[in-house]
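A.B. asks: So here's upload-v4.cif (mmCIF, C-alpha atoms).
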```
data_input
#
loop_
_atom_site.label_atom_id
_atom_site.label_comp_id
_atom_site.auth_asym_id
_atom_site.auth_seq_id
_atom_site.Cartn_x
_atom_site.Cartn_y
_atom_site.Cartn_z
CA MET R 25 0.00 0.00 0.00
CA SER R 26 1.46 3.35 -0.96
CA GLU R 27 1.97 6.31 1.37
CA SER R 28 -0.58 8.34 -0.57
CA THR R 29 -3.43 5.83 0.00
CA ARG R 30 -2.72 5.06 3.64
CA THR R 31 -4.32 6.93 6.52
CA PRO R 32 -2.14 5.83 9.42
CA ARG R 33 -3.14 6.35 13.02
CA LEU R 34 0.32 7.58 14.01
CA ASP R 35 2.97 9.77 12.44
CA PHE R 36 5.90 8.01 14.07
CA VAL R 37 6.53 4.70 15.85
CA SER R 38 9.81 3.45 17.32
CA LEU R 39 10.85 0.04 18.59
CA GLY R 40 13.55 -0.53 21.21
CA GLU R 41 14.63 -0.57 24.85
CA SER R 42 14.19 2.11 27.49
CA MET R 43 16.22 2.04 30.67
CA LEU R 44 16.75 3.83 33.94
CA ARG R 45 19.74 6.18 33.97
CA LEU R 46 21.48 6.58 37.32
CA SER R 47 24.09 9.34 37.55
CA VAL R 48 26.26 11.06 40.10
CA PRO R 49 26.80 14.84 40.24
CA THR R 50 29.71 16.22 38.23
CA GLY R 51 32.84 15.91 40.29
CA ARG R 52 31.68 12.89 42.28
CA ARG R 53 32.92 9.35 41.68
CA LEU R 54 30.64 6.36 41.21
CA ASP R 55 32.72 4.38 43.68
CA ASP R 56 32.31 7.09 46.31
CA THR R 57 28.78 8.37 45.81
CA ARG R 58 25.93 8.32 48.30
CA LEU R 59 23.38 9.77 45.89
CA LEU R 60 22.14 8.70 42.45
CA ASP R 61 19.90 10.81 40.25
CA MET R 62 17.37 8.82 38.21
CA GLU R 63 16.36 9.72 34.64
CA ILE R 64 14.62 7.95 31.76
CA ALA R 65 16.84 6.76 28.90
CA GLY R 66 16.54 4.98 25.56
CA ALA R 67 17.38 6.14 22.04
CA GLU R 68 14.11 5.16 20.38
CA SER R 69 11.86 6.48 23.14
CA ASN R 70 13.94 9.69 23.22
CA VAL R 71 13.05 10.37 19.59
CA SER R 72 9.40 9.52 20.28
CA VAL R 73 9.32 12.02 23.14
CA ALA R 74 10.95 14.81 21.15
CA LEU R 75 8.51 14.42 18.26
CA ALA R 76 5.49 14.11 20.56
CA ARG R 77 6.42 17.40 22.22
CA LEU R 78 6.61 18.98 18.76
CA GLY R 79 3.01 17.96 18.15
CA TRP R 80 3.29 14.68 16.25
CA ARG R 81 1.33 11.50 17.03
CA THR R 82 4.00 9.11 18.28
CA GLY R 83 4.17 5.60 19.70
CA TRP R 84 6.84 3.43 21.27
CA VAL R 85 6.92 -0.38 21.32
CA SER R 86 8.95 -2.59 23.65
CA ARG R 87 8.94 -5.49 26.11
CA MET R 88 9.18 -4.57 29.80
CA PRO R 89 8.99 -6.21 33.22
CA ASP R 90 5.69 -5.72 34.99
CA HIS R 91 6.84 -3.74 38.02
CA ALA R 92 7.05 -0.23 39.45
CA LEU R 93 10.30 0.82 37.76
CA SER R 94 8.88 0.09 34.33
CA GLN R 95 5.76 2.02 35.28
CA ALA R 96 7.96 5.00 36.17
CA ILE R 97 9.33 4.98 32.62
CA LEU R 98 5.94 4.53 31.02
CA ARG R 99 4.38 7.26 33.14
CA ALA R 100 7.08 9.68 31.99
CA LEU R 101 6.61 8.73 28.34
CA ARG R 102 2.83 9.11 28.59
CA SER R 103 3.21 12.52 30.22
CA ASP R 104 5.37 13.58 27.28
CA GLY R 105 2.62 12.55 24.86
CA VAL R 106 3.93 9.16 23.68
CA ASP R 107 1.45 6.32 23.16
CA VAL R 108 2.74 3.18 24.94
CA SER R 109 -0.35 1.00 24.59
CA ALA R 110 1.52 -1.63 22.53
CA VAL R 111 4.23 -2.27 25.13
CA LYS R 112 4.24 -5.91 26.28
CA TYR R 113 4.52 -6.61 30.02
CA VAL R 114 6.22 -9.75 31.33
CA PRO R 115 6.63 -11.04 34.90
CA ASP R 116 9.87 -11.79 36.74
CA GLU R 117 12.30 -10.19 34.28
CA ARG R 118 14.71 -7.30 34.64
CA LEU R 119 14.85 -3.72 33.46
CA GLY R 120 18.03 -2.45 31.86
CA THR R 121 19.90 0.33 33.67
CA TYR R 122 23.04 2.33 33.15
CA PHE R 123 25.24 4.42 35.39
CA ILE R 124 27.08 7.65 34.54
CA GLU R 125 30.02 9.35 36.15
CA TYR R 126 30.16 12.83 34.64
CA ALA R 127 33.58 14.41 34.30
CA THR R 128 35.30 17.50 33.00
CA PRO R 129 38.68 17.54 31.18
CA PRO R 130 41.11 15.93 31.46
CA ARG R 131 38.85 13.07 32.65
CA SER R 132 36.21 11.60 30.36
CA THR R 133 32.63 10.76 31.32
CA GLN R 134 32.22 7.07 32.16
CA VAL R 135 29.21 4.88 31.38
CA ILE R 136 28.55 1.47 32.95
CA TYR R 137 25.77 -0.65 31.43
CA ASP R 138 23.72 -3.14 33.42
CA ARG R 139 21.37 -4.25 30.67
CA ALA R 140 22.38 -7.82 29.78
CA ASP R 141 19.48 -10.30 29.83
CA SER R 142 16.91 -7.51 30.14
CA ALA R 143 13.27 -8.00 29.23
CA ALA R 144 13.75 -5.96 26.06
CA SER R 145 16.68 -8.11 24.95
CA HIS R 146 14.29 -11.08 24.89
CA MET R 147 11.93 -9.43 22.39
CA THR R 148 10.85 -11.63 19.49
CA THR R 149 8.47 -11.19 16.59
CA ALA R 150 5.75 -12.86 18.70
CA ASP R 151 5.87 -9.93 21.17
CA ILE R 152 4.95 -7.32 18.54
CA ASP R 153 1.51 -6.03 17.66
CA TRP R 154 2.30 -5.67 13.97
CA ASP R 155 -0.92 -3.87 13.13
CA TYR R 156 0.07 -1.17 15.63
CA LEU R 157 3.75 -1.02 14.68
CA LEU R 158 2.99 -0.45 11.01
CA ASP R 159 0.06 1.93 11.46
CA THR R 160 2.39 4.89 11.01
CA ARG R 161 4.04 7.18 8.50
CA VAL R 162 7.53 6.45 9.86
CA LEU R 163 9.03 3.43 11.61
CA HIS R 164 12.25 4.35 13.43
CA LEU R 165 14.85 1.71 14.31
CA THR R 166 18.42 1.82 15.60
CA GLY R 167 21.56 -0.27 15.73
CA ILE R 168 21.27 -0.36 19.51
CA THR R 169 18.34 -2.76 19.36
CA ALA R 170 20.20 -4.86 16.80
CA ALA R 171 23.08 -5.23 19.29
CA LEU R 172 20.95 -6.46 22.21
CA SER R 173 20.52 -10.07 21.08
CA GLU R 174 20.18 -12.30 18.04
CA ASN R 175 16.41 -12.37 18.44
CA CYS R 176 16.29 -8.56 18.54
CA TYR R 177 18.38 -8.47 15.37
CA ALA R 178 15.97 -10.89 13.68
CA LEU R 179 13.09 -8.72 14.87
CA LEU R 180 14.54 -5.67 13.11
CA VAL R 181 15.02 -7.64 9.91
CA GLU R 182 11.36 -8.64 9.93
CA ALA R 183 10.20 -5.15 10.93
CA ILE R 184 11.99 -3.63 7.94
CA GLN R 185 10.57 -6.25 5.57
CA ARG R 186 7.03 -5.74 6.85
CA ALA R 187 7.35 -1.95 6.76
CA HIS R 188 8.40 -2.01 3.12
CA ALA R 189 5.53 -4.34 2.26
CA GLU R 190 3.09 -1.86 3.85
CA GLY R 191 4.64 1.25 2.31
CA VAL R 192 5.93 2.58 5.65
CA MET R 193 9.06 4.73 5.54
CA VAL R 194 11.94 3.20 7.53
CA SER R 195 14.26 5.56 9.39
CA PHE R 196 17.43 3.88 10.67
CA ASP R 197 19.99 5.39 13.05
CA VAL R 198 23.27 3.43 13.23
CA ASN R 199 23.76 4.56 16.86
CA TYR R 200 26.88 2.46 17.48
CA ARG R 201 27.60 1.50 21.11
CA ALA R 202 31.11 0.15 21.64
CA LYS R 203 30.13 -1.37 24.99
CA LEU R 204 27.55 -3.58 23.25
CA TRP R 205 29.61 -4.93 20.34
CA THR R 206 32.85 -4.36 18.46
CA ALA R 207 33.08 -2.07 15.45
CA ALA R 208 33.92 -5.04 13.23
CA THR R 209 30.88 -7.04 14.37
CA ALA R 210 28.59 -4.02 14.21
CA GLY R 211 29.76 -3.15 10.69
CA GLU R 212 29.15 -6.67 9.45
CA LYS R 213 25.74 -7.06 11.08
CA LEU R 214 24.43 -3.58 10.30
CA ARG R 215 25.30 -3.53 6.60
CA PRO R 216 22.18 -5.54 5.60
CA LEU R 217 19.99 -3.29 7.77
CA ILE R 218 21.30 0.05 6.54
CA ALA R 219 21.03 -1.26 2.98
CA GLU R 220 17.24 -1.40 3.43
CA ALA R 221 16.73 1.97 5.14
CA ASP R 222 14.74 4.73 3.45
CA LEU R 223 16.38 7.42 5.57
CA LEU R 224 19.76 6.77 7.19
CA LEU R 225 21.41 8.58 10.10
CA CYS R 226 24.99 7.99 11.21
CA LYS R 227 27.83 9.74 13.01
CA GLY R 228 30.69 10.48 10.67
CA ALA R 229 33.09 8.72 13.04
CA ASP R 230 30.87 5.61 13.05
CA ALA R 231 30.73 5.58 9.24
CA THR R 232 34.52 5.31 9.31
CA ALA R 233 34.85 2.85 12.20
CA LEU R 234 32.06 0.48 11.10
CA PHE R 235 31.92 0.77 7.32
CA GLY R 236 35.36 2.07 6.34
CA CYS R 237 34.07 5.33 4.83
CA GLN R 238 36.86 7.90 4.48
CA GLY R 239 37.55 11.47 3.47
CA GLU R 240 35.94 14.85 3.93
CA PRO R 241 32.21 14.86 4.76
CA ARG R 242 30.96 14.80 1.18
CA GLN R 243 33.23 11.92 0.13
CA LEU R 244 32.58 10.01 3.35
CA MET R 245 28.83 10.36 2.94
CA SER R 246 28.99 9.36 -0.73
CA GLU R 247 30.72 6.13 0.30
CA LEU R 248 28.10 5.56 3.01
CA LYS R 249 25.26 6.25 0.58
CA ALA R 250 26.65 3.59 -1.75
CA LEU R 251 25.86 1.03 0.96
CA THR R 252 22.14 1.87 1.15
CA HIS R 253 19.14 2.46 -1.05
CA ALA R 254 18.13 5.31 1.29
CA SER R 255 17.04 8.42 -0.58
CA ALA R 256 18.68 10.60 2.07
CA VAL R 257 21.69 10.16 4.34
CA PHE R 258 22.34 12.42 7.34
CA CYS R 259 25.66 12.47 9.20
CA THR R 260 26.76 14.37 12.27
CA PHE R 261 30.32 15.61 12.76
CA GLY R 262 30.41 16.88 16.34
CA GLU R 263 31.45 20.53 16.60
CA GLN R 264 31.58 20.76 12.79
CA GLY R 265 27.82 20.32 12.61
CA ALA R 266 25.96 17.95 10.30
CA ALA R 267 25.31 17.29 6.64
CA LEU R 268 22.74 15.84 4.24
CA LEU R 269 23.32 13.90 1.04
CA SER R 270 20.20 13.45 -1.08
CA GLY R 271 20.76 12.27 -4.63
CA THR R 272 23.70 14.39 -5.75
CA GLU R 273 22.81 17.33 -3.50
CA PHE R 274 25.12 17.84 -0.54
CA VAL R 275 24.17 20.36 2.17
CA SER R 276 26.10 21.09 5.36
CA GLN R 277 24.86 22.88 8.45
CA PRO R 278 27.22 24.31 11.09
CA ALA R 279 26.69 23.45 14.72
CA LEU R 280 25.05 26.11 16.86
CA PRO R 281 27.00 27.68 19.74
CA VAL R 282 25.94 25.98 22.96
CA GLN R 283 27.00 25.74 26.58
CA ILE R 284 26.99 22.00 27.13
CA VAL R 285 25.12 20.71 30.18
CA ASP R 286 24.69 17.03 29.20
CA ARG R 287 25.99 15.42 26.00
CA ILE R 288 23.83 12.31 26.16
CA GLY R 289 20.73 12.39 23.97
CA SER R 290 21.88 14.97 21.42
CA GLY R 291 22.07 12.39 18.63
CA ASP R 292 18.48 11.34 19.29
CA ALA R 293 17.46 15.00 19.26
CA PHE R 294 19.16 15.41 15.88
CA ALA R 295 17.22 12.41 14.53
CA ALA R 296 13.97 13.90 15.86
CA GLY R 297 14.68 17.23 14.15
CA VAL R 298 15.43 15.49 10.86
CA LEU R 299 12.17 13.54 11.05
CA ASP R 300 10.24 16.65 12.10
CA GLY R 301 11.35 18.26 8.85
CA TRP R 302 10.43 15.19 6.81
CA LEU R 303 7.01 14.83 8.45
CA SER R 304 6.29 18.50 7.81
CA GLY R 305 7.01 18.17 4.08
CA ASP R 306 5.08 16.75 1.17
CA THR R 307 5.96 13.08 1.53
CA SER R 308 3.93 12.12 -1.56
CA THR R 309 6.61 13.72 -3.73
CA SER R 310 10.38 13.97 -3.73
CA ASP R 311 10.59 16.97 -1.40
CA ASP R 312 14.24 17.91 -0.92
CA SER R 313 13.22 21.10 0.86
CA ALA R 314 11.76 18.98 3.68
CA LEU R 315 15.08 17.16 3.99
CA ARG R 316 17.04 20.42 4.10
CA GLU R 317 14.65 21.75 6.70
CA GLY R 318 15.11 18.53 8.66
CA LEU R 319 18.85 19.15 8.69
CA ARG R 320 18.32 22.65 10.12
CA ARG R 321 15.89 21.40 12.73
CA GLY R 322 18.13 18.47 13.63
CA VAL R 323 21.10 20.73 14.36
CA ALA R 324 18.91 23.12 16.35
CA LEU R 325 17.23 20.40 18.40
CA ALA R 326 20.61 18.77 19.11
CA ALA R 327 21.85 22.11 20.49
CA ILE R 328 18.77 22.34 22.70
CA ALA R 329 19.42 18.82 23.97
CA LEU R 330 23.04 19.65 24.81
CA SER R 331 21.87 22.61 26.87
CA GLN R 332 19.63 20.59 29.18
CA TYR R 333 19.98 17.71 31.62
CA GLY R 334 18.75 14.22 30.82
CA ASP R 335 18.54 11.94 27.78
CA ARG R 336 15.13 13.16 26.62
CA VAL R 337 15.01 16.50 24.83
CA LEU R 338 12.10 18.24 26.54
CA SER R 339 11.54 21.04 24.07
CA SER R 340 8.58 22.58 22.28
CA ARG R 341 7.65 23.93 18.86
CA ALA R 342 7.93 27.49 20.12
CA GLU R 343 11.42 26.93 21.54
CA LEU R 344 12.64 25.16 18.41
CA ASN R 345 11.34 27.98 16.22
CA ALA R 346 13.04 30.56 18.42
CA VAL R 347 16.38 28.73 18.14
CA LEU R 348 15.97 28.42 14.38
CA LYS R 349 15.37 32.15 14.03
CA SER R 350 18.56 32.95 15.90
CA GLU R 351 20.78 30.41 14.12
CA ARG R 352 23.79 31.34 12.03
CA LEU R 353 22.90 31.65 8.39
CA ASP R 354 26.18 30.52 6.82
CA ILE R 355 24.93 27.29 5.26
CA SER R 356 27.47 25.88 2.79
CA ARG R 357 26.52 23.68 -0.15
#
```
Show me this structure written as structure tokens.

C.D. replies:
Amino acid sequence: MSESTRTPRLDFVSLGESMLRLSVPTGRRLDDTRLLDMEIAGAESNVSVALARLGWRTGWVSRMPDHALSQAILRALRSDGVDVSAVKYVPDERLGTYFIEYATPPRSTQVIYDRADSAASHMTTADIDWDYLLDTRVLHLTGITAALSENCYALLVEAIQRAHAEGVMVSFDVNYRAKLWTAATAGEKLRPLIAEADLLLCKGADATALFGCQGEPRQLMSELKALTHASAVFCTFGEQGAALLSGTEFVSQPALPVQIVDRIGSGDAFAAGVLDGWLSGDTSTSDDSALREGLRRGVALAAIALSQYGDRVLSSRAELNAVLKSERLDISR
């Protein structure tokens, strides 16, 4: 069924794991702390939250233990406007968590995962309400879910196949996590998935480490685009900003000046901005202006995320528009 004949219930649905994030104040050590601050974390749910707060109809699908800590996550997602009605609850399983020790130079911030054997890592195709998952304009997936387990990897393969059969656009964020798998393994396993994406997001550094892409941004992205049938590829380059390659058109967008409060979650904010631009465009035609606008919004929303605490970017349409109006105008093409 084509996009033009479908009337989906949702604009955006993501599939993945959400966790509890436990952090210590900057300057404190994890091995000497007496206080942990709890936040909600998870790449796919982060994007769902950001888009919901911008006014889109969003949903998030996962498998979670049936206890109070999961309910804390779901309550937060609901309050941010995300539909979680398709989440599957299971008894006597565990919720993934991770711990952060923030640091300033010369020390680096440390992350410790405690997510092995989580309820989400046990997700299979039988856990998914496929009618719900595909009742959307965009299905968003990431390499994080692919890294959790073989059954999660198989789930993504089937999700992409089913999405294509139903005419649903597949957005895929490479989102490499070195603590989950090696670059060599991730590159090998993710190549078949990125090949089938309709819209691909990737850090420039990950394109090099996982797929061997080299050179300046345009060359690097051209090599990455050769690995996918995606009509648009977006890459981020840290303080250099981000870029879009659509067909033969290359557009770069400088990063916005920002006083960094918390680095975690900015990549998910960028993805949300990109998809906000795409959703706002005419998706029944080849609308490059929507992709260019997505690049602008992605850079702006990433800057907003860097300026606030927590993985979720808790912004609004008014705030995003205000940041866009004050951005630097030196876009290079």

A.B. asks: Taking the file as shown, find all residues satisfying the PyMOL selection byres ((chain R and resi 298-300) around 9) and write them as number ranges by chain.

C.D. replies: R: 36, 75, 78, 80, 162, 195, 258, 293-297, 301-305, 314-323

A.B. asks: Need the neighbours of (32.4, 12.5, 34.1): which residues are at most 10 Å away, counting only C-alpha atoms, as an mmCIF file with C-alpha atoms, in the coordinates of the input?

C.D. replies:
```cif
data_model
loop_
_atom_site.group_PDB
_atom_site.id
_atom_site.type_symbol
_atom_site.label_atom_id
_atom_site.label_comp_id
_atom_site.auth_asym_id
_atom_site.auth_seq_id
_atom_site.Cartn_x
_atom_site.Cartn_y
_atom_site.Cartn_z
ATOM 1 C CA SER R 47 24.090 9.340 37.550
ATOM 2 C CA VAL R 48 26.260 11.060 40.100
ATOM 3 C CA PRO R 49 26.800 14.840 40.240
ATOM 4 C CA THR R 50 29.710 16.220 38.230
ATOM 5 C CA GLY R 51 32.840 15.910 40.290
ATOM 6 C CA ARG R 52 31.680 12.890 42.280
ATOM 7 C CA ARG R 53 32.920 9.350 41.680
ATOM 8 C CA LEU R 54 30.640 6.360 41.210
ATOM 9 C CA ILE R 124 27.080 7.650 34.540
ATOM 10 C CA GLU R 125 30.020 9.350 36.150
ATOM 11 C CA TYR R 126 30.160 12.830 34.640
ATOM 12 C CA ALA R 127 33.580 14.410 34.300
ATOM 13 C CA THR R 128 35.300 17.500 33.000
ATOM 14 C CA PRO R 129 38.680 17.540 31.180
ATOM 15 C CA PRO R 130 41.110 15.930 31.460
ATOM 16 C CA ARG R 131 38.850 13.070 32.650
ATOM 17 C CA SER R 132 36.210 11.600 30.360
ATOM 18 C CA THR R 133 32.630 10.760 31.320
ATOM 19 C CA GLN R 134 32.220 7.070 32.160
ATOM 20 C CA VAL R 135 29.210 4.880 31.380
#
```

A.B. asks: For atom CA of R:Val347 and atom CA of R:Leu330, determine how far apart the two atoms are, in Å to one decimal place.

C.D. replies: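 Between these atoms lies a distance of 13.1 Å.
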
A.B. asks: Name the residues captured by the PyMOL selection byres ((chain R and resi 144) around 7) when it is applied to the shown file; answer as a ChimeraX atom specification.

C.D. replies: /R:41,86-88,142-143,145-147

A.B. asks: Please evaluate the PyMOL selection byres ((chain R and resi 73) around 9) against the displayed coordinates and give the resulting residues as a PDB file with C-alpha atoms, in the coordinates of the input.

C.D. replies:
```
ATOM      1  CA  GLU R  68      14.110   5.160  20.380  1.00  0.00           C
ATOM      2  CA  SER R  69      11.860   6.480  23.140  1.00  0.00           C
ATOM      3  CA  ASN R  70      13.940   9.690  23.220  1.00  0.00           C
ATOM      4  CA  VAL R  71      13.050  10.370  19.590  1.00  0.00           C
ATOM      5  CA  SER R  72       9.400   9.520  20.280  1.00  0.00           C
ATOM      6  CA  ALA R  74      10.950  14.810  21.150  1.00  0.00           C
ATOM      7  CA  LEU R  75       8.510  14.420  18.260  1.00  0.00           C
ATOM      8  CA  ALA R  76       5.490  14.110  20.560  1.00  0.00           C
ATOM      9  CA  ARG R  77       6.420  17.400  22.220  1.00  0.00           C
ATOM     10  CA  LEU R  78       6.610  18.980  18.760  1.00  0.00           C
ATOM     11  CA  THR R  82       4.000   9.110  18.280  1.00  0.00           C
ATOM     12  CA  GLY R  83       4.170   5.600  19.700  1.00  0.00           C
ATOM     13  CA  LEU R 101       6.610   8.730  28.340  1.00  0.00           C
ATOM     14  CA  ARG R 102       2.830   9.110  28.590  1.00  0.00           C
ATOM     15  CA  ASP R 104       5.370  13.580  27.280  1.00  0.00           C
ATOM     16  CA  GLY R 105       2.620  12.550  24.860  1.00  0.00           C
ATOM     17  CA  VAL R 106       3.930   9.160  23.680  1.00  0.00           C
ATOM     18  CA  ALA R 296      13.970  13.900  15.860  1.00  0.00           C
ATOM     19  CA  ARG R 336      15.130  13.160  26.620  1.00  0.00           C
ATOM     20  CA  VAL R 337      15.010  16.500  24.830  1.00  0.00           C
ATOM     21  CA  LEU R 338      12.100  18.240  26.540  1.00  0.00           C
TER      22      LEU R 338
END
```

A.B. asks: With a distance cut-off of 10 Å and all atoms listed in the file, select the neighbouring residues of R:Asp116, excluding the residue or stretch itself and same-chain residues fewer than 4 positions from it, and output the selection as a PDB file with C-alpha atoms, in the frame of the given file.

C.D. replies:
```pdb
ATOM      1  CA  PRO R  89       8.990  -6.210  33.220  1.00  0.00           C
ATOM      2  CA  ASP R  90       5.690  -5.720  34.990  1.00  0.00           C
ATOM      3  CA  HIS R  91       6.840  -3.740  38.020  1.00  0.00           C
ATOM      4  CA  ALA R 143      13.270  -8.000  29.230  1.00  0.00           C
TER       5      ALA R 143
END
```

A.B. asks: What does the structure give for the distance between atom CA of R:Asp312 and atom CA of R:Val257, in Å to one decimal?

C.D. replies: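 Straight-line distance from atom CA of R:Asp312 to atom CA of R:Val257 works out to 12.0 Å.
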
A.B. asks: Pick from R:Pro32, R:Val198, R:Asp56, R:Ser246: nearest to R:Asp155, with only C-alpha atoms counted?

C.D. replies: R:Pro32
